[in-house]
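*Asks:* The structure that follows is given in the form of structure tokens.
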Amino acid sequence: MSSMQYSERFLNFVQQQLMSFQADQELEHVVVYVARSGDSGSPTLEVVGQWPKLEKVLQPVETDIALRTPSTNRRWYPLQEGSILLGVIRAERIASEEEWPESLDQRLQSVSILLAHSLASELDRKRLLDQLDGQKEQISLMVHQLRNPLAALGTYAKLLLRKIGPDSEHEDLVKGLMTEQAQVNKYLSALDQLSQVKLPQAEDGSNRLLLPPLLPTETKISVKSLIEPLIERAKARANLQGRKWFSPSKWPTWMESRSISEGVIAEIVANLLENAFRYSPPQASIGIEFVEESICVWDEGIPIKEEEREKIFEKGFRGETGSKMSGSGIGLALARDLARQLGGDLQLIVNPSIFKSSLPDSGNAFVFNLESK
């Protein structure tokens, strides 16, 4: 029978509780057991701590003949969570004809309650870790299965590009397919990191968001190079929906000169564009505009209600418009989180012309301010 792995924190806590009895002259032995299933499926009690510590390994309760004989110098204290028996404490006192001391009994009962709570938390931790391991395995399998059809799509796109020739009016569409295929491939690589034992962390020790830009092989490119494919994608989408799209009037110098090894800026802009298309009315115009160290994604839709203007940046919150559509409600929360990781911020302006006078004076403008370099 293999022993369950317990955390050092739990085992240390058990030992601390047992050590509290070392000054008690009446006790001879205290053992803490955890209930679990043996290899045959039958219940057994596994030793997780004892006082005093012995070199020999104690026999399982069910095979220890000495424990089958009742004794006035032995008591059992259940480690119970609700109606579930999680384990027991076995207390042996030095042979005596006197009654079991009430003060000792109360102490052991108190310790059993503490250990029951700690054991319940430990078992919950183990259950969650097992579920996480299972999810990681499923993600790894899914990534492996998705790579084949994704590679096939890339191959077909290259063949189609070769077939239509460089002078075809459809060349940009096919190249757009290839760009999106490459981006999905990056997402798959990021998903693959979820199967790692240790996730990458930020400098402050917090878990970093696993996005394609966080892959160590990412090379430095200009901000303009990151944003251009998103604008082409938005332009095509607007054309398909029959709505007006406004590209930036000019590219600021900083977007061409500033290079970045993490394409987080593209993730932010992609989320803002997706939200603009998803939640603005079908006839509403959409566009993107730049000024020094700021990017604005705007729409000429219905202004977001005042009481929702901060709540929309909370994970899982979906406003009145969003509640009628499918989605997880994490896009804006993710975008603001990423903006602040870069040292910038993301704010909502319900009058786009405030950002730039040439923009509409009604609608919604999400302004991403970057940290000055």
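Chain labels A, B, ... are given in the sequence in which chains occur in the structure tokens; within each chain residues are numbered consecutively from 1, and ligands are likewise numbered from 1 in the order shown.
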If we count only C-alpha atoms and set the cut-off at 9 Å, which residues sit around range 143-146 of chain A, ignoring sequence neighbours fewer than 5 positions away in its own chain? Please answer as a list in words.

*Replies:*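 Once the adjacent positions are removed, what remains is Gln138, Ala151, Leu188, Ser189, Leu191 and Asp192 of chain A.
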
*Asks:* Give me every helix (DSSP H, G or I) residue in range 92-233 of chain A, going by DSSP on the backbone, as a PyMOL selection string.

*Replies:* chain A and resi 102-164+171-195+212-214+223-233

*Asks:* Quick one: pick out all strand (DSSP E or B) residues within range 241-329 of chain A from a backbone DSSP run and write them as a ChimeraX atom specification.

*Replies:* /A:245-246,259-260,286-291,294-299

*Asks:* Can you pull out every residue within 9 Å of range 223-240 of chain A, counting only C-alpha atoms, but drop anything in the same chain fewer than 4 positions away, and send it as JSON, numbers by chain?

*Replies:* {"A": [173, 176, 179, 180, 244, 245, 246, 247, 248, 251, 254, 255, 256, 257, 258, 259, 260, 263, 265, 266, 269, 270, 273, 274, 277, 285, 286, 287, 288]}

*Asks:* How would the residues just picked look written out with N, CA, C and O atoms as a compact mmCIF listing (two decimals), in the first residue's frame?

*Replies:*
```
# COMPACT_ATOMS: atom_id res chain seq x y z
N LEU A 173 -5.71 38.83 -48.08
CA LEU A 173 -6.60 37.98 -47.30
C LEU A 173 -5.91 36.69 -46.90
O LEU A 173 -5.99 36.24 -45.75
N GLY A 176 -3.36 37.35 -44.37
CA GLY A 176 -4.03 37.55 -43.08
C GLY A 176 -4.33 36.23 -42.40
O GLY A 176 -4.18 36.08 -41.18
N THR A 179 -1.15 34.94 -40.90
CA THR A 179 -0.79 35.68 -39.68
C THR A 179 -1.60 35.19 -38.49
O THR A 179 -1.07 34.98 -37.40
N GLU A 180 -2.92 35.01 -38.72
CA GLU A 180 -3.77 34.54 -37.62
C GLU A 180 -3.41 33.11 -37.22
O GLU A 180 -3.46 32.75 -36.05
N LYS A 244 -18.69 51.42 -40.82
CA LYS A 244 -17.55 52.28 -41.10
C LYS A 244 -16.40 51.98 -40.15
O LYS A 244 -16.59 51.81 -38.95
N TRP A 245 -15.20 51.94 -40.71
CA TRP A 245 -13.99 51.73 -39.92
C TRP A 245 -13.03 52.88 -40.19
O TRP A 245 -12.85 53.31 -41.33
N PHE A 246 -12.42 53.39 -39.13
CA PHE A 246 -11.49 54.51 -39.25
C PHE A 246 -10.11 54.09 -38.76
O PHE A 246 -9.93 53.82 -37.56
N SER A 247 -9.17 54.02 -39.67
CA SER A 247 -7.79 53.71 -39.31
C SER A 247 -7.14 54.97 -38.73
O SER A 247 -7.66 56.08 -38.90
N PRO A 248 -5.99 54.82 -38.07
CA PRO A 248 -5.34 55.99 -37.48
C PRO A 248 -4.93 57.01 -38.54
O PRO A 248 -4.52 56.64 -39.65
N TRP A 251 0.84 57.64 -37.73
CA TRP A 251 1.56 56.81 -36.76
C TRP A 251 2.58 57.68 -36.03
O TRP A 251 3.49 58.22 -36.65
N TRP A 254 6.93 57.34 -31.80
CA TRP A 254 7.26 56.36 -30.75
C TRP A 254 6.82 54.95 -31.13
O TRP A 254 7.43 53.97 -30.70
N MET A 255 5.77 54.83 -31.94
CA MET A 255 5.27 53.50 -32.30
C MET A 255 6.21 52.80 -33.27
O MET A 255 6.21 51.56 -33.36
N GLU A 256 6.99 53.57 -34.01
CA GLU A 256 7.94 52.97 -34.95
C GLU A 256 9.31 52.77 -34.32
O GLU A 256 10.03 51.84 -34.67
N SER A 257 9.65 53.62 -33.36
CA SER A 257 10.98 53.54 -32.75
C SER A 257 11.02 52.69 -31.49
O SER A 257 12.05 52.12 -31.15
N ARG A 258 9.90 52.59 -30.82
CA ARG A 258 9.88 51.84 -29.56
C ARG A 258 9.69 50.35 -29.85
O ARG A 258 8.70 49.95 -30.45
N SER A 259 10.64 49.53 -29.42
CA SER A 259 10.53 48.08 -29.58
C SER A 259 10.24 47.47 -28.22
O SER A 259 10.56 48.02 -27.19
N ILE A 260 9.60 46.34 -28.27
CA ILE A 260 9.20 45.69 -27.02
C ILE A 260 9.29 44.19 -27.19
O ILE A 260 8.94 43.64 -28.23
N GLY A 263 4.69 41.30 -26.45
CA GLY A 263 3.62 41.89 -27.25
C GLY A 263 2.36 42.15 -26.48
O GLY A 263 1.26 42.01 -27.01
N ILE A 265 1.11 44.91 -25.59
CA ILE A 265 0.37 46.01 -26.20
C ILE A 265 -0.64 45.48 -27.21
O ILE A 265 -1.79 45.92 -27.27
N ALA A 266 -0.22 44.51 -28.01
CA ALA A 266 -1.12 43.92 -29.00
C ALA A 266 -2.29 43.21 -28.33
O ALA A 266 -3.42 43.25 -28.82
N VAL A 269 -4.81 45.95 -27.21
CA VAL A 269 -5.53 46.51 -28.34
C VAL A 269 -6.50 45.49 -28.94
O VAL A 269 -7.64 45.82 -29.29
N ALA A 270 -6.08 44.24 -29.03
CA ALA A 270 -6.94 43.19 -29.58
C ALA A 270 -8.20 43.02 -28.74
O ALA A 270 -9.31 42.87 -29.27
N LEU A 273 -10.50 46.11 -29.35
CA LEU A 273 -11.18 46.03 -30.65
C LEU A 273 -12.29 44.98 -30.63
O LEU A 273 -13.38 45.20 -31.18
N GLU A 274 -12.00 43.84 -30.03
CA GLU A 274 -13.01 42.78 -29.96
C GLU A 274 -14.25 43.27 -29.22
O GLU A 274 -15.39 43.03 -29.65
N PHE A 277 -16.34 45.77 -31.44
CA PHE A 277 -17.15 45.09 -32.46
C PHE A 277 -18.29 44.29 -31.83
O PHE A 277 -19.38 44.22 -32.38
N SER A 285 -19.96 53.28 -36.05
CA SER A 285 -18.59 53.35 -36.56
C SER A 285 -17.60 52.96 -35.46
O SER A 285 -17.86 53.13 -34.27
N ILE A 286 -16.46 52.43 -35.89
CA ILE A 286 -15.40 52.02 -34.97
C ILE A 286 -14.07 52.50 -35.53
O ILE A 286 -13.89 52.55 -36.76
N GLY A 287 -13.15 52.84 -34.66
CA GLY A 287 -11.84 53.25 -35.15
C GLY A 287 -10.78 53.18 -34.07
O GLY A 287 -11.07 52.86 -32.91
N ILE A 288 -9.56 53.45 -34.48
CA ILE A 288 -8.43 53.48 -33.56
C ILE A 288 -7.62 54.74 -33.86
O ILE A 288 -7.48 55.13 -35.02
```

*Asks:* Extract, using only C-alpha atoms, all DNA, RNA and protein residues at most 8 Å from range 364-369 of chain A, discarding same-chain residues fewer than 6 positions from it, and format them as a PDB file with C-alpha atoms, in the first residue's frame.

*Replies:*
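Final output, out33.pdb:
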```pdb
ATOM      1  CA  LEU A 272     -10.409  46.542 -26.958  1.00  0.00           C
ATOM      2  CA  GLU A 293       2.158  57.444 -25.560  1.00  0.00           C
ATOM      3  CA  SER A 294      -1.574  56.724 -25.853  1.00  0.00           C
ATOM      4  CA  ILE A 295      -3.765  54.412 -27.921  1.00  0.00           C
ATOM      5  CA  CYS A 296      -7.516  54.943 -28.215  1.00  0.00           C
ATOM      6  CA  VAL A 297     -10.062  52.412 -29.500  1.00  0.00           C
ATOM      7  CA  TRP A 298     -13.424  54.123 -29.965  1.00  0.00           C
ATOM      8  CA  ASP A 299     -16.917  53.402 -31.158  1.00  0.00           C
ATOM      9  CA  GLU A 300     -19.887  55.641 -31.949  1.00  0.00           C
ATOM     10  CA  GLY A 301     -22.274  53.426 -30.028  1.00  0.00           C
ATOM     11  CA  ILE A 302     -24.465  54.090 -26.995  1.00  0.00           C
ATOM     12  CA  PRO A 303     -22.386  55.472 -24.095  1.00  0.00           C
ATOM     13  CA  ILE A 304     -21.896  52.980 -21.283  1.00  0.00           C
ATOM     14  CA  ALA A 339      -1.788  47.876 -19.062  1.00  0.00           C
ATOM     15  CA  GLY A 344       0.392  52.371 -17.763  1.00  0.00           C
ATOM     16  CA  ASP A 345      -3.373  52.356 -17.352  1.00  0.00           C
ATOM     17  CA  LEU A 346      -6.655  51.873 -19.198  1.00  0.00           C
ATOM     18  CA  GLN A 347      -9.552  54.309 -18.831  1.00  0.00           C
ATOM     19  CA  LEU A 348     -12.995  54.825 -20.356  1.00  0.00           C
ATOM     20  CA  ILE A 349     -14.087  58.151 -21.887  1.00  0.00           C
ATOM     21  CA  VAL A 350     -17.735  58.342 -23.007  1.00  0.00           C
ATOM     22  CA  ASN A 351     -16.979  61.277 -25.302  1.00  0.00           C
ATOM     23  CA  PRO A 352     -14.288  60.198 -27.824  1.00  0.00           C
ATOM     24  CA  PHE A 355      -9.280  62.275 -26.644  1.00  0.00           C
TER      25      PHE A 355
END
```

*Asks:* Which neighbours of Phe21 in chain A fall inside 10 Å, counting only C-alpha atoms, when residues of the same chain fewer than 2 positions from it are skipped, and could you give them as an MDAnalysis selection string?

*Replies:* chainID A and resid 16:19 23:30 51:52 104 107:108

*Asks:* Rounded to one decimal in Å, what is the spacing between CA of Arg36 in chain A and CA of Leu86 in chain A?

*Replies:*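 If I compute the distance from CA of Arg36 in chain A to CA of Leu86 in chain A, I get 8.0 Å.
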
*Asks:* Tell me which protein, DNA and RNA residues are within 12 Å of range 113-117 of chain A, counting only C-alpha atoms, leaving out same-chain ones fewer than 4 positions away, and put them as a ChimeraX atom specification.

*Replies:* /A:10-18,32-35,48-49,77-89,106-109,121-124

*Asks:* Rounded to one decimal place, report the CA of Gly316 in chain A-CA of Ile330 in chain A distance in Å.

*Replies:* 5.7 Å

*Asks:* For Ser96 in chain A, which residue out of A:Arg125, A:Thr72, A:Arg9, A:Arg147 is the nearest one, using only C-alpha atoms?

*Replies:*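 Comparing A:Arg125, A:Thr72, A:Arg9, A:Arg147 against Ser96 in chain A, the winner is A:Thr72.
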
*Asks:* Which value, in Å to one decimal, gives the distance between CA of Gly154 in chain A and CA of Ile221 in chain A?

*Replies:*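 So the answer is 22.6 Å.
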
*Asks:* Here is a test: counting only C-alpha atoms, which residue of A:Val31, A:Val264, A:Ile312, A:Ala95 is nearest to Arg340 in chain A?

*Replies:*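 Distance minimum relative to Arg340 in chain A lands on A:Val264.
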